[in-house]
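Q: Sharing target-v3.csv, CSV, C-alpha atoms:
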```
chain,number,residue,atom,x,y,z
A,252,MET,CA,-11.4,26.8,8.7
A,253,ASN,CA,-8.6,24.1,9.1
A,254,LYS,CA,-6.4,23.1,6.3
A,255,SER,CA,-8.2,19.7,5.8
A,256,MET,CA,-11.5,21.5,5.1
A,257,ILE,CA,-9.8,23.9,2.8
A,258,THR,CA,-8.4,21.0,0.8
A,259,VAL,CA,-11.9,19.4,0.5
A,260,ALA,CA,-13.4,22.8,-0.6
A,261,VAL,CA,-10.7,23.3,-3.3
A,262,ALA,CA,-11.2,19.7,-4.5
A,263,THR,CA,-14.9,20.1,-4.8
A,264,ALA,CA,-14.6,23.4,-6.6
A,265,LEU,CA,-12.2,21.9,-9.2
A,266,ALA,CA,-14.4,18.8,-9.7
A,267,ALA,CA,-17.6,20.6,-10.4
A,268,PRO,CA,-16.8,22.4,-13.6
A,269,MET,CA,-14.9,19.3,-15.0
A,270,SER,CA,-18.0,17.2,-14.4
A,271,LEU,CA,-19.9,19.4,-16.8
A,272,SER,CA,-17.5,18.8,-19.7
A,273,ALA,CA,-17.6,16.0,-22.2
A,274,ALA,CA,-15.1,14.0,-20.2
A,275,GLU,CA,-16.0,10.7,-18.5
A,276,SER,CA,-16.0,11.3,-14.7
A,277,LYS,CA,-17.1,9.7,-11.5
A,278,PHE,CA,-16.9,10.0,-7.8
A,279,PHE,CA,-16.0,7.1,-5.5
A,280,GLY,CA,-15.5,6.4,-1.9
A,281,TYR,CA,-15.4,3.8,0.9
A,282,SER,CA,-14.9,3.5,4.6
A,283,GLN,CA,-13.3,0.7,6.6
A,284,ILE,CA,-14.4,0.3,10.2
A,285,THR,CA,-12.3,-2.1,12.3
A,286,ALA,CA,-12.7,-4.2,15.5
A,287,ALA,CA,-9.9,-6.0,17.4
A,288,VAL,CA,-9.6,-8.3,20.4
A,289,GLY,CA,-6.2,-9.1,21.9
A,290,ASP,CA,-3.1,-7.1,22.7
A,291,GLY,CA,-1.3,-7.8,19.5
A,292,GLY,CA,-2.0,-4.3,18.1
A,293,ALA,CA,-3.1,-2.3,21.1
A,294,ALA,CA,-1.2,0.9,21.9
A,295,ASP,CA,-1.6,0.1,25.6
A,296,ALA,CA,-0.5,-3.5,26.5
A,297,ASP,CA,-3.3,-3.7,29.0
A,298,ALA,CA,-6.0,-2.8,26.4
A,299,ASP,CA,-6.6,-6.2,25.1
A,300,GLY,CA,-10.4,-6.1,25.1
A,301,LEU,CA,-12.8,-5.3,22.3
A,302,ARG,CA,-12.0,-2.0,20.6
A,303,PHE,CA,-13.1,-0.2,17.4
A,304,GLY,CA,-11.3,2.0,15.0
A,305,ALA,CA,-10.9,2.8,11.3
A,306,ASP,CA,-8.4,2.0,8.6
A,307,SER,CA,-9.6,4.2,5.8
A,308,ILE,CA,-12.3,6.8,5.2
A,309,ARG,CA,-11.9,7.9,1.6
A,310,ILE,CA,-13.5,9.8,-1.1
A,311,GLY,CA,-12.2,10.5,-4.6
A,312,TYR,CA,-12.8,11.7,-8.1
A,313,LYS,CA,-11.7,10.3,-11.5
A,314,ILE,CA,-11.9,12.0,-14.9
A,315,LYS,CA,-10.9,10.9,-18.4
A,316,HIS,CA,-11.0,12.9,-21.6
A,317,ASP,CA,-9.6,11.3,-24.7
A,318,LYS,CA,-6.0,10.4,-23.8
A,319,ALA,CA,-5.8,12.6,-20.7
A,320,TRP,CA,-6.9,11.4,-17.2
A,321,GLY,CA,-6.8,12.5,-13.6
A,322,LYS,CA,-7.5,11.3,-10.1
A,323,LEU,CA,-7.9,12.9,-6.7
A,324,GLN,CA,-8.3,10.8,-3.5
A,325,LEU,CA,-8.6,12.0,0.1
A,326,ASP,CA,-8.4,10.0,3.3
A,327,PHE,CA,-10.1,11.6,6.2
A,328,ASN,CA,-8.4,9.1,8.5
A,329,LYS,CA,-5.2,11.1,7.8
A,330,THR,CA,-6.1,14.5,9.1
A,331,ASP,CA,-3.4,14.8,11.8
A,332,ASN,CA,-0.9,17.1,10.0
A,333,SER,CA,1.1,18.2,13.1
A,334,GLY,CA,4.8,18.5,13.0
A,335,TYR,CA,6.9,16.9,10.3
A,336,SER,CA,4.1,14.8,8.9
A,337,LYS,CA,2.4,17.5,6.9
A,338,THR,CA,5.6,18.2,4.9
A,339,LYS,CA,6.8,14.7,4.3
A,340,ILE,CA,6.3,15.0,0.5
A,341,GLY,CA,5.1,18.6,0.4
A,342,VAL,CA,1.3,17.9,0.7
A,343,PRO,CA,-0.9,17.1,3.7
A,344,GLU,CA,-1.3,13.5,4.7
A,345,ILE,CA,-5.0,13.7,3.9
A,346,ILE,CA,-4.1,13.7,0.1
A,347,LYS,CA,-3.5,10.1,-0.9
A,348,ASP,CA,-3.5,10.7,-4.7
A,349,ALA,CA,-3.5,13.8,-6.8
A,350,VAL,CA,-2.4,12.9,-10.3
A,351,VAL,CA,-2.8,13.8,-13.9
A,352,GLY,CA,-1.8,11.6,-16.8
A,353,TYR,CA,-1.6,11.3,-20.6
A,354,LYS,CA,-1.5,8.3,-22.9
A,355,LEU,CA,1.4,8.9,-25.3
A,356,SER,CA,0.9,5.5,-27.1
A,357,LYS,CA,0.0,1.9,-26.5
A,358,ALA,CA,3.5,1.5,-25.1
A,359,ALA,CA,3.8,4.5,-22.9
A,360,LYS,CA,1.6,6.5,-20.5
A,361,VAL,CA,3.0,9.3,-18.4
A,362,ARG,CA,1.7,10.6,-15.1
A,363,ALA,CA,2.7,13.4,-12.7
A,364,GLY,CA,1.6,14.3,-9.2
A,365,VAL,CA,1.3,12.3,-5.9
A,366,PHE,CA,0.8,8.6,-6.3
A,367,LYS,CA,2.2,5.1,-5.3
A,368,THR,CA,5.8,4.4,-6.2
A,369,PRO,CA,6.3,1.2,-8.2
A,370,VAL,CA,7.8,-1.0,-5.6
A,371,GLY,CA,5.9,-3.9,-4.1
A,372,MET,CA,3.1,-6.1,-5.6
A,373,ASP,CA,0.8,-6.2,-2.6
A,374,PHE,CA,1.4,-2.5,-1.9
A,375,SER,CA,0.1,-1.7,-5.4
A,376,ILE,CA,-3.2,-3.3,-4.6
A,377,ALA,CA,-5.9,-0.8,-3.5
A,378,SER,CA,-6.7,-1.1,0.2
A,379,LYS,CA,-10.4,-1.8,-0.6
A,380,GLN,CA,-9.3,-4.9,-2.5
A,381,LEU,CA,-6.8,-6.4,0.0
A,382,ASP,CA,-7.0,-10.1,0.8
A,383,ILE,CA,-6.5,-9.5,4.6
A,384,THR,CA,-7.7,-6.8,6.9
A,385,LYS,CA,-4.4,-4.9,7.2
A,386,ARG,CA,-1.6,-3.8,5.0
A,387,GLY,CA,1.1,-6.4,5.4
A,388,MET,CA,4.5,-6.3,7.0
A,389,ASP,CA,6.0,-5.6,3.6
A,390,LYS,CA,4.6,-2.0,3.6
A,391,GLY,CA,7.3,-0.9,6.0
A,392,LEU,CA,10.0,-1.3,3.4
A,393,VAL,CA,8.4,0.2,0.2
A,394,LEU,CA,8.8,3.8,-0.8
A,395,GLU,CA,5.1,4.5,-0.3
A,396,ARG,CA,3.4,7.4,-2.1
A,397,ALA,CA,5.6,10.3,-3.3
A,398,ALA,CA,5.4,13.3,-5.6
A,399,GLY,CA,7.0,12.7,-8.9
A,400,LEU,CA,6.8,11.7,-12.6
A,401,MET,CA,6.4,8.2,-13.9
A,402,VAL,CA,6.2,6.5,-17.3
A,403,SER,CA,4.4,3.2,-17.7
A,404,GLY,CA,3.7,0.6,-20.3
A,405,ARG,CA,1.4,-2.5,-20.4
A,406,ASN,CA,0.4,-5.3,-22.8
A,407,LEU,CA,3.8,-5.4,-24.6
A,408,SER,CA,3.6,-9.1,-25.6
A,409,GLY,CA,2.8,-9.8,-21.9
A,410,PHE,CA,5.4,-7.5,-20.5
A,411,GLY,CA,4.9,-4.2,-18.6
A,412,TYR,CA,7.0,-1.6,-16.9
A,413,ASP,CA,6.9,1.4,-14.6
A,414,PHE,CA,9.9,3.9,-14.2
A,415,GLY,CA,9.7,7.0,-12.1
A,416,VAL,CA,11.6,9.8,-10.4
A,417,PHE,CA,10.3,11.4,-7.2
A,418,ASN,CA,10.9,13.7,-4.3
A,419,PRO,CA,12.5,11.9,-1.3
A,420,ALA,CA,10.2,9.2,0.0
A,421,GLY,CA,9.1,11.0,3.1
A,422,ARG,CA,6.1,8.8,3.8
A,423,SER,CA,8.2,5.6,3.8
A,424,SER,CA,8.9,4.0,7.1
A,425,ALA,CA,12.3,3.0,5.9
A,426,ALA,CA,13.7,5.9,3.9
A,427,PRO,CA,15.9,8.7,5.4
A,428,LYS,CA,14.7,12.2,5.6
A,429,GLY,CA,15.6,14.3,2.5
A,430,THR,CA,15.0,17.7,1.0
A,431,ALA,CA,13.3,17.9,-2.4
A,432,GLY,CA,15.8,19.4,-4.9
A,433,ASP,CA,18.8,18.0,-2.9
A,434,ALA,CA,17.7,14.4,-2.4
A,435,ALA,CA,15.4,12.3,-4.6
A,436,ALA,CA,13.9,8.9,-5.0
A,437,TYR,CA,13.9,6.5,-8.0
A,438,ALA,CA,11.9,3.4,-8.6
A,439,GLY,CA,11.2,0.9,-11.4
A,440,ARG,CA,9.3,-2.3,-12.0
A,441,LEU,CA,9.2,-4.9,-14.7
A,442,MET,CA,6.2,-7.3,-15.1
A,443,TYR,CA,5.1,-10.3,-17.1
A,444,ASP,CA,1.5,-11.5,-17.3
A,445,ILE,CA,-0.2,-14.4,-19.0
A,446,ASP,CA,-3.9,-13.5,-19.2
A,447,GLU,CA,-5.2,-13.1,-15.7
A,448,SER,CA,-3.7,-16.4,-14.4
A,449,LEU,CA,0.0,-15.6,-14.0
A,450,HIS,CA,1.7,-12.4,-12.8
A,451,LEU,CA,5.4,-12.0,-12.2
A,452,GLU,CA,7.3,-8.8,-11.2
A,453,VAL,CA,10.6,-7.5,-10.0
A,454,SER,CA,11.1,-4.0,-8.6
A,455,TYR,CA,13.9,-1.7,-7.3
A,456,GLY,CA,13.8,1.6,-5.5
A,457,SER,CA,16.1,4.1,-3.8
A,458,SER,CA,15.6,7.2,-1.7
A,459,THR,CA,18.7,9.4,-1.2
A,460,SER,CA,19.5,11.7,1.7
A,461,ASP,CA,20.7,15.3,1.5
A,462,SER,CA,24.2,15.9,0.1
A,463,ASP,CA,25.4,17.3,3.5
A,464,SER,CA,23.8,14.5,5.5
A,465,THR,CA,25.6,11.7,7.3
A,466,TYR,CA,22.7,9.3,6.5
A,467,GLU,CA,23.2,6.6,3.9
A,468,ASP,CA,20.9,6.2,0.9
A,469,TYR,CA,18.1,3.6,1.3
A,470,SER,CA,17.6,1.0,-1.3
A,471,VAL,CA,14.9,-1.7,-1.7
A,472,VAL,CA,14.4,-4.7,-4.0
A,473,GLY,CA,11.4,-6.8,-4.5
A,474,VAL,CA,10.3,-10.0,-6.3
A,475,ALA,CA,6.7,-11.3,-6.4
A,476,GLY,CA,4.2,-13.4,-8.3
A,477,SER,CA,0.6,-14.6,-8.3
A,478,TYR,CA,-1.2,-17.5,-9.9
A,479,LYS,CA,-4.9,-18.2,-10.3
A,480,THR,CA,-6.4,-21.5,-11.2
A,481,GLY,CA,-10.1,-22.2,-10.8
A,482,ALA,CA,-11.2,-21.2,-7.3
A,483,MET,CA,-7.6,-21.1,-6.0
A,484,THR,CA,-5.3,-18.1,-5.8
A,485,PHE,CA,-1.6,-18.3,-4.8
A,486,LYS,CA,0.8,-15.4,-4.1
A,487,ALA,CA,4.3,-14.9,-2.9
A,488,GLU,CA,6.5,-11.9,-2.4
A,489,TYR,CA,9.9,-11.0,-0.9
A,490,ILE,CA,11.2,-7.5,-0.2
A,491,ALA,CA,14.6,-6.5,1.2
A,492,GLY,CA,15.7,-3.1,2.3
A,493,SER,CA,19.3,-1.9,3.0
A,494,ASN,CA,20.3,1.0,5.2
A,495,VAL,CA,16.9,1.4,6.8
A,496,LYS,CA,16.3,5.0,7.9
A,497,GLY,CA,19.7,5.9,6.5
A,498,ASP,CA,21.7,3.9,9.1
A,499,LYS,CA,24.5,1.9,7.4
A,500,GLY,CA,24.2,-1.8,7.9
A,501,LYS,CA,20.6,-1.7,9.2
A,502,ASP,CA,18.9,-4.2,6.9
A,503,GLU,CA,15.4,-5.7,7.0
A,504,SER,CA,13.5,-8.1,4.8
A,505,VAL,CA,10.1,-9.7,4.7
A,506,GLY,CA,8.5,-12.4,2.7
A,507,TYR,CA,5.0,-14.0,2.6
A,508,ILE,CA,3.2,-16.9,0.9
A,509,HIS,CA,-0.5,-16.7,0.4
A,510,ALA,CA,-3.3,-19.1,-0.6
A,511,GLY,CA,-7.0,-18.2,-1.1
A,512,TYR,CA,-10.0,-20.4,-2.0
A,513,SER,CA,-13.3,-19.0,-3.3
A,514,ILE,CA,-15.9,-21.2,-1.8
A,515,ASN,CA,-18.6,-19.3,-3.7
A,516,LYS,CA,-19.3,-15.8,-4.9
A,517,MET,CA,-20.0,-14.7,-1.3
A,518,ASN,CA,-17.3,-16.5,0.7
A,519,GLU,CA,-13.5,-16.8,0.4
A,520,ALA,CA,-11.0,-18.5,2.8
A,521,VAL,CA,-7.4,-17.2,2.9
A,522,VAL,CA,-4.2,-18.1,4.7
A,523,ARG,CA,-1.1,-15.9,4.6
A,524,HIS,CA,2.2,-16.4,6.4
A,525,TYR,CA,4.7,-13.6,6.9
A,526,VAL,CA,8.3,-13.8,8.0
A,527,ALA,CA,10.2,-10.6,8.8
A,528,SER,CA,13.9,-10.3,9.8
A,529,SER,CA,15.9,-7.4,11.1
A,530,GLU,CA,19.7,-7.2,11.2
A,531,TYR,CA,21.7,-4.4,12.8
A,532,LYS,CA,25.1,-4.6,14.4
A,533,ASP,CA,25.0,-7.6,16.6
A,534,SER,CA,21.3,-8.0,16.6
A,535,ASP,CA,19.5,-10.5,14.3
A,536,THR,CA,15.8,-11.1,15.1
A,537,SER,CA,12.8,-12.4,13.3
A,538,LEU,CA,9.0,-12.2,13.6
A,539,GLY,CA,6.3,-14.3,12.0
A,540,ASN,CA,2.6,-13.4,11.5
A,541,THR,CA,0.1,-15.9,10.1
A,542,TYR,CA,-3.3,-14.6,9.0
A,543,ILE,CA,-6.2,-17.1,8.9
A,544,GLY,CA,-9.0,-15.3,7.2
A,545,TRP,CA,-12.6,-15.4,5.9
A,546,ASN,CA,-13.8,-12.8,3.5
A,547,ILE,CA,-17.6,-12.3,3.1
A,548,PHE,CA,-18.8,-10.3,0.1
A,549,LEU,CA,-22.3,-8.8,0.4
A,550,ALA,CA,-22.6,-7.1,-3.0
A,551,ASP,CA,-22.1,-8.1,-6.6
A,552,LYS,CA,-19.2,-5.5,-6.7
A,553,LYS,CA,-17.2,-7.1,-3.9
A,554,GLN,CA,-15.6,-3.9,-2.6
A,555,ASN,CA,-18.9,-2.1,-2.1
A,556,ALA,CA,-19.9,-4.3,0.9
A,557,ARG,CA,-17.5,-6.6,2.6
A,558,ILE,CA,-16.7,-8.2,5.9
A,559,GLN,CA,-13.2,-9.5,6.7
A,560,LEU,CA,-12.4,-11.7,9.7
A,561,ASN,CA,-8.8,-12.5,10.5
A,562,TYR,CA,-7.1,-14.4,13.4
A,563,VAL,CA,-3.3,-13.6,13.5
A,564,VAL,CA,-0.9,-16.0,15.1
A,565,ALA,CA,2.4,-14.5,16.1
A,566,SER,CA,5.7,-16.5,16.1
A,567,GLY,CA,9.4,-16.1,16.1
A,568,ASP,CA,11.3,-13.7,18.4
A,569,LYS,CA,8.1,-12.2,19.8
A,570,GLU,CA,9.7,-10.7,22.9
A,571,LYS,CA,12.9,-9.4,21.4
A,572,TYR,CA,12.1,-8.6,17.8
A,573,GLU,CA,13.7,-5.2,16.8
A,574,GLY,CA,12.2,-4.3,13.5
A,575,TYR,CA,12.7,-0.6,12.7
A,576,ALA,CA,10.6,-0.2,9.6
A,577,ILE,CA,8.8,-3.5,9.6
A,578,LYS,CA,6.0,-3.7,12.2
A,579,GLY,CA,3.9,-6.7,13.1
A,580,TYR,CA,1.9,-8.3,15.8
A,581,LYS,CA,3.9,-9.8,18.7
A,582,ASP,CA,0.9,-11.5,20.2
A,583,ASN,CA,-2.1,-13.3,18.8
A,584,VAL,CA,-5.0,-11.0,17.9
A,585,PHE,CA,-8.4,-11.2,16.3
A,586,LEU,CA,-9.2,-8.6,13.6
A,587,ALA,CA,-12.4,-7.6,11.8
A,588,GLN,CA,-13.1,-5.0,9.2
A,589,PHE,CA,-16.4,-3.8,7.8
A,590,GLN,CA,-16.2,-2.0,4.5
A,591,VAL,CA,-18.8,-0.1,2.5
A,592,GLY,CA,-18.2,1.8,-0.7
A,593,PHE,CA,-19.6,3.2,-3.9
```
Hey, can you dump this file as structure tokens for me?
A:
Amino acid sequence: MNKSMITVAVATALAAPMSLSAAESKFFGYSQITAAVGDGGAADADADGLRFGADSIRIGYKIKHDKAWGKLQLDFNKTDNSGYSKTKIGVPEIIKDAVVGYKLSKAAKVRAGVFKTPVGMDFSIASKQLDITKRGMDKGLVLERAAGLMVSGRNLSGFGYDFGVFNPAGRSSAAPKGTAGDAAAYAGRLMYDIDESLHLEVSYGSSTSDSDSTYEDYSVVGVAGSYKTGAMTFKAEYIAGSNVKGDKGKDESVGYIHAGYSINKMNEAVVRHYVASSEYKDSDTSLGNTYIGWNIFLADKKQNARIQLNYVVASGDKEKYEGYAIKGYKDNVFLAQFQVGF
């Protein structure tokens, strides 16, 4: 039996007895099947015809008992644990979240385990609720998921916070390699909300390298906001990373602006424009990706049945862009995603 199947068996064994307790519990899951036309994202430059794939195939379990809670989420699209990938943060890639938490007070909730680090507004959104078919270019600079401890607070006269300490951010595309116990990652976020209409946040994170390493520590800062009024939604975010992959002076940044319009309960039109830049030594290049999208919701709970259609227009230094952590489409491409969940 391979390690992925062992993980699933253990998770099921743990979930079964908990579901018999007085705790509130539920299973959830979803799959995202994709289609693409164009060579913007093809592994083979000649493979620009219609092709199918998958972004996520997930199942999970949540439990809540009084002030304690927990979550386990697996992604069966992440079962290739060969080489370094299976030890990036000490657990297999198939495990997206494995966390237990406790509400200390209205102002503080603590959690421990494997979960998202608090850098990046769009990164904090669940993939089943994204406005476009793909994680954006900003994902390359965040610290990703990591194993650690975090304290959070919400609804503090509109303010909120997240502060955490983690193992080195091994799943991040921008952080240098590090050994837990020698290197570490730190991240924090401050937020301000007015009802559901306005959200503002700033975040900062750092992932260090080993003490005997020649690599530099990686740092990232982000600012973001969203505003909703009637059928319109506006978003903007900017993230900048320094010493990408631990190389001194290798800096990258990305920003986007977003507008969405809910035509009705079933249809939403979206436009999002990304601009990414990469600076290293004498190289200074940029790449733009503009998503023109249509989201079709086929169920009352939008994430349970959804179709997303995107046409991505590439711009900037398409031929010579040299992003190390930030990846994007260098040619125009049509993307579709078909999601079903429960």
Q: Please, what distance in Å, to one decimal, runs between atom CA of A:Ile490 and atom CA of A:Pro369?
A: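 Atom CA of A:Pro369 lies at a distance of 12.8 Å from atom CA of A:Ile490.
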Q: Could you tell me how far atom CA of A:Gly429 sits from atom CA of A:Asp463, in Å to one decimal place?
A: 10.3 Å
Q: From the list A:Phe548, A:Phe327, A:Phe485, A:Tyr469, which residue is nearest A:Val522 when using only C-alpha atoms?
A: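 Closest residue, counting only C-alpha atoms: A:Phe485.
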Q: Using only C-alpha atoms, determine which residues lie at most 10 Å from stretch 400-416 of chain A, disregarding the query and same-chain residues fewer than 2 positions distant; provide the list as an NGL selection string.
A: :A and (350-366 or 368-370 or 397-398 or 418-419 or 435-446 or 450-458)
Q: How would the residues just picked look written out with C-alpha atoms as a CSV table (one decimal), keeping the file's coordinate frame?
A:
```
chain,number,residue,atom,x,y,z
A,350,VAL,CA,-2.4,12.9,-10.3
A,351,VAL,CA,-2.8,13.8,-13.9
A,352,GLY,CA,-1.8,11.6,-16.8
A,353,TYR,CA,-1.6,11.3,-20.6
A,354,LYS,CA,-1.5,8.3,-22.9
A,355,LEU,CA,1.4,8.9,-25.3
A,356,SER,CA,0.9,5.5,-27.1
A,357,LYS,CA,0.0,1.9,-26.5
A,358,ALA,CA,3.5,1.5,-25.1
A,359,ALA,CA,3.8,4.5,-22.9
A,360,LYS,CA,1.6,6.5,-20.5
A,361,VAL,CA,3.0,9.3,-18.4
A,362,ARG,CA,1.7,10.6,-15.1
A,363,ALA,CA,2.7,13.4,-12.7
A,364,GLY,CA,1.6,14.3,-9.2
A,365,VAL,CA,1.3,12.3,-5.9
A,366,PHE,CA,0.8,8.6,-6.3
A,368,THR,CA,5.8,4.4,-6.2
A,369,PRO,CA,6.3,1.2,-8.2
A,370,VAL,CA,7.8,-1.0,-5.6
A,397,ALA,CA,5.6,10.3,-3.3
A,398,ALA,CA,5.4,13.3,-5.6
A,418,ASN,CA,10.9,13.7,-4.3
A,419,PRO,CA,12.5,11.9,-1.3
A,435,ALA,CA,15.4,12.3,-4.6
A,436,ALA,CA,13.9,8.9,-5.0
A,437,TYR,CA,13.9,6.5,-8.0
A,438,ALA,CA,11.9,3.4,-8.6
A,439,GLY,CA,11.2,0.9,-11.4
A,440,ARG,CA,9.3,-2.3,-12.0
A,441,LEU,CA,9.2,-4.9,-14.7
A,442,MET,CA,6.2,-7.3,-15.1
A,443,TYR,CA,5.1,-10.3,-17.1
A,444,ASP,CA,1.5,-11.5,-17.3
A,445,ILE,CA,-0.2,-14.4,-19.0
A,446,ASP,CA,-3.9,-13.5,-19.2
A,450,HIS,CA,1.7,-12.4,-12.8
A,451,LEU,CA,5.4,-12.0,-12.2
A,452,GLU,CA,7.3,-8.8,-11.2
A,453,VAL,CA,10.6,-7.5,-10.0
A,454,SER,CA,11.1,-4.0,-8.6
A,455,TYR,CA,13.9,-1.7,-7.3
A,456,GLY,CA,13.8,1.6,-5.5
A,457,SER,CA,16.1,4.1,-3.8
A,458,SER,CA,15.6,7.2,-1.7
```
Q: Taking all atoms listed in the file into account, name the residue in A:Ile577, A:Met517, A:Ala550, A:Ile558 that is nearest to A:Ser424.
A: A:Ile577
Q: For the atom pair atom CA of A:Tyr542 and atom CA of A:Ser493, what is the interatomic distance in Å to one decimal place?
A: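 It comes out at 26.6 Å.
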Q: Of the candidates A:Val505, A:Ile543, A:Leu586, A:Leu538, which one gets nearest to A:Ala286 if we count only C-alpha atoms?
A: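 The closest residue to A:Ala286 is A:Leu586.
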Q: So, with all atoms listed in the file as the atoms that count, which of A:Met372, A:Ala576, A:Ile308, A:Ala420 lies closest to A:Arg396?
A: A:Ala420
Q: From the options A:Glu573, A:Glu488, A:Asp468, A:Asp535, which residue's atoms come nearest to A:Phe374, counting only C-alpha atoms?
A: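 Nearest to A:Phe374: A:Glu488.
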Q: Given only C-alpha atoms as the basis, pick out the residue of A:Ser566, A:Thr484, A:Ser282, A:Ser470 nearest to A:Asp326.
A: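 Closest candidate: A:Ser282.
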Q: Please rebuild stretch 362-368 of chain A with all heavy atoms and give the result as a compact mmCIF listing (two decimals), in the frame of the given file.
A:
```txt
# COMPACT_ATOMS: atom_id res chain seq x y z
N ARG A 362 2.49 9.98 -16.12
CA ARG A 362 1.70 10.60 -15.10
C ARG A 362 2.56 11.45 -14.18
O ARG A 362 3.76 11.18 -14.03
CB ARG A 362 0.96 9.53 -14.25
CG ARG A 362 1.85 8.75 -13.30
CD ARG A 362 1.11 7.58 -12.69
NE ARG A 362 0.87 6.55 -13.68
CZ ARG A 362 0.10 5.48 -13.46
NH1 ARG A 362 -0.49 5.32 -12.30
NH2 ARG A 362 -0.06 4.57 -14.41
N ALA A 363 1.97 12.47 -13.57
CA ALA A 363 2.70 13.40 -12.70
C ALA A 363 1.78 13.71 -11.51
O ALA A 363 0.55 13.82 -11.67
CB ALA A 363 3.16 14.62 -13.39
N GLY A 364 2.36 13.90 -10.33
CA GLY A 364 1.60 14.30 -9.20
C GLY A 364 2.01 13.45 -7.96
O GLY A 364 3.18 13.11 -7.79
N VAL A 365 1.05 13.12 -7.11
CA VAL A 365 1.30 12.30 -5.90
C VAL A 365 0.58 10.98 -6.11
O VAL A 365 -0.63 10.92 -6.33
CB VAL A 365 0.71 13.01 -4.66
CG1 VAL A 365 0.88 12.13 -3.43
CG2 VAL A 365 1.39 14.36 -4.44
N PHE A 366 1.34 9.88 -6.03
CA PHE A 366 0.80 8.60 -6.30
C PHE A 366 1.75 7.51 -5.74
O PHE A 366 2.85 7.84 -5.26
CB PHE A 366 0.52 8.33 -7.77
CG PHE A 366 1.69 8.65 -8.66
CD1 PHE A 366 2.62 7.68 -8.99
CD2 PHE A 366 1.87 9.94 -9.17
CE1 PHE A 366 3.70 7.96 -9.81
CE2 PHE A 366 2.95 10.24 -9.99
CZ PHE A 366 3.87 9.25 -10.30
N LYS A 367 1.37 6.23 -5.84
CA LYS A 367 2.20 5.10 -5.30
C LYS A 367 3.45 4.95 -6.19
O LYS A 367 3.37 4.92 -7.42
CB LYS A 367 1.41 3.84 -5.32
CG LYS A 367 0.34 3.77 -4.24
CD LYS A 367 -0.33 2.41 -4.25
CE LYS A 367 -1.36 2.30 -3.13
NZ LYS A 367 -2.01 0.96 -3.11
N THR A 368 4.58 4.80 -5.53
CA THR A 368 5.80 4.40 -6.20
C THR A 368 5.76 2.96 -6.61
O THR A 368 5.12 2.16 -5.92
CB THR A 368 7.03 4.73 -5.37
OG1 THR A 368 6.91 4.00 -4.14
CG2 THR A 368 7.15 6.21 -5.07
```
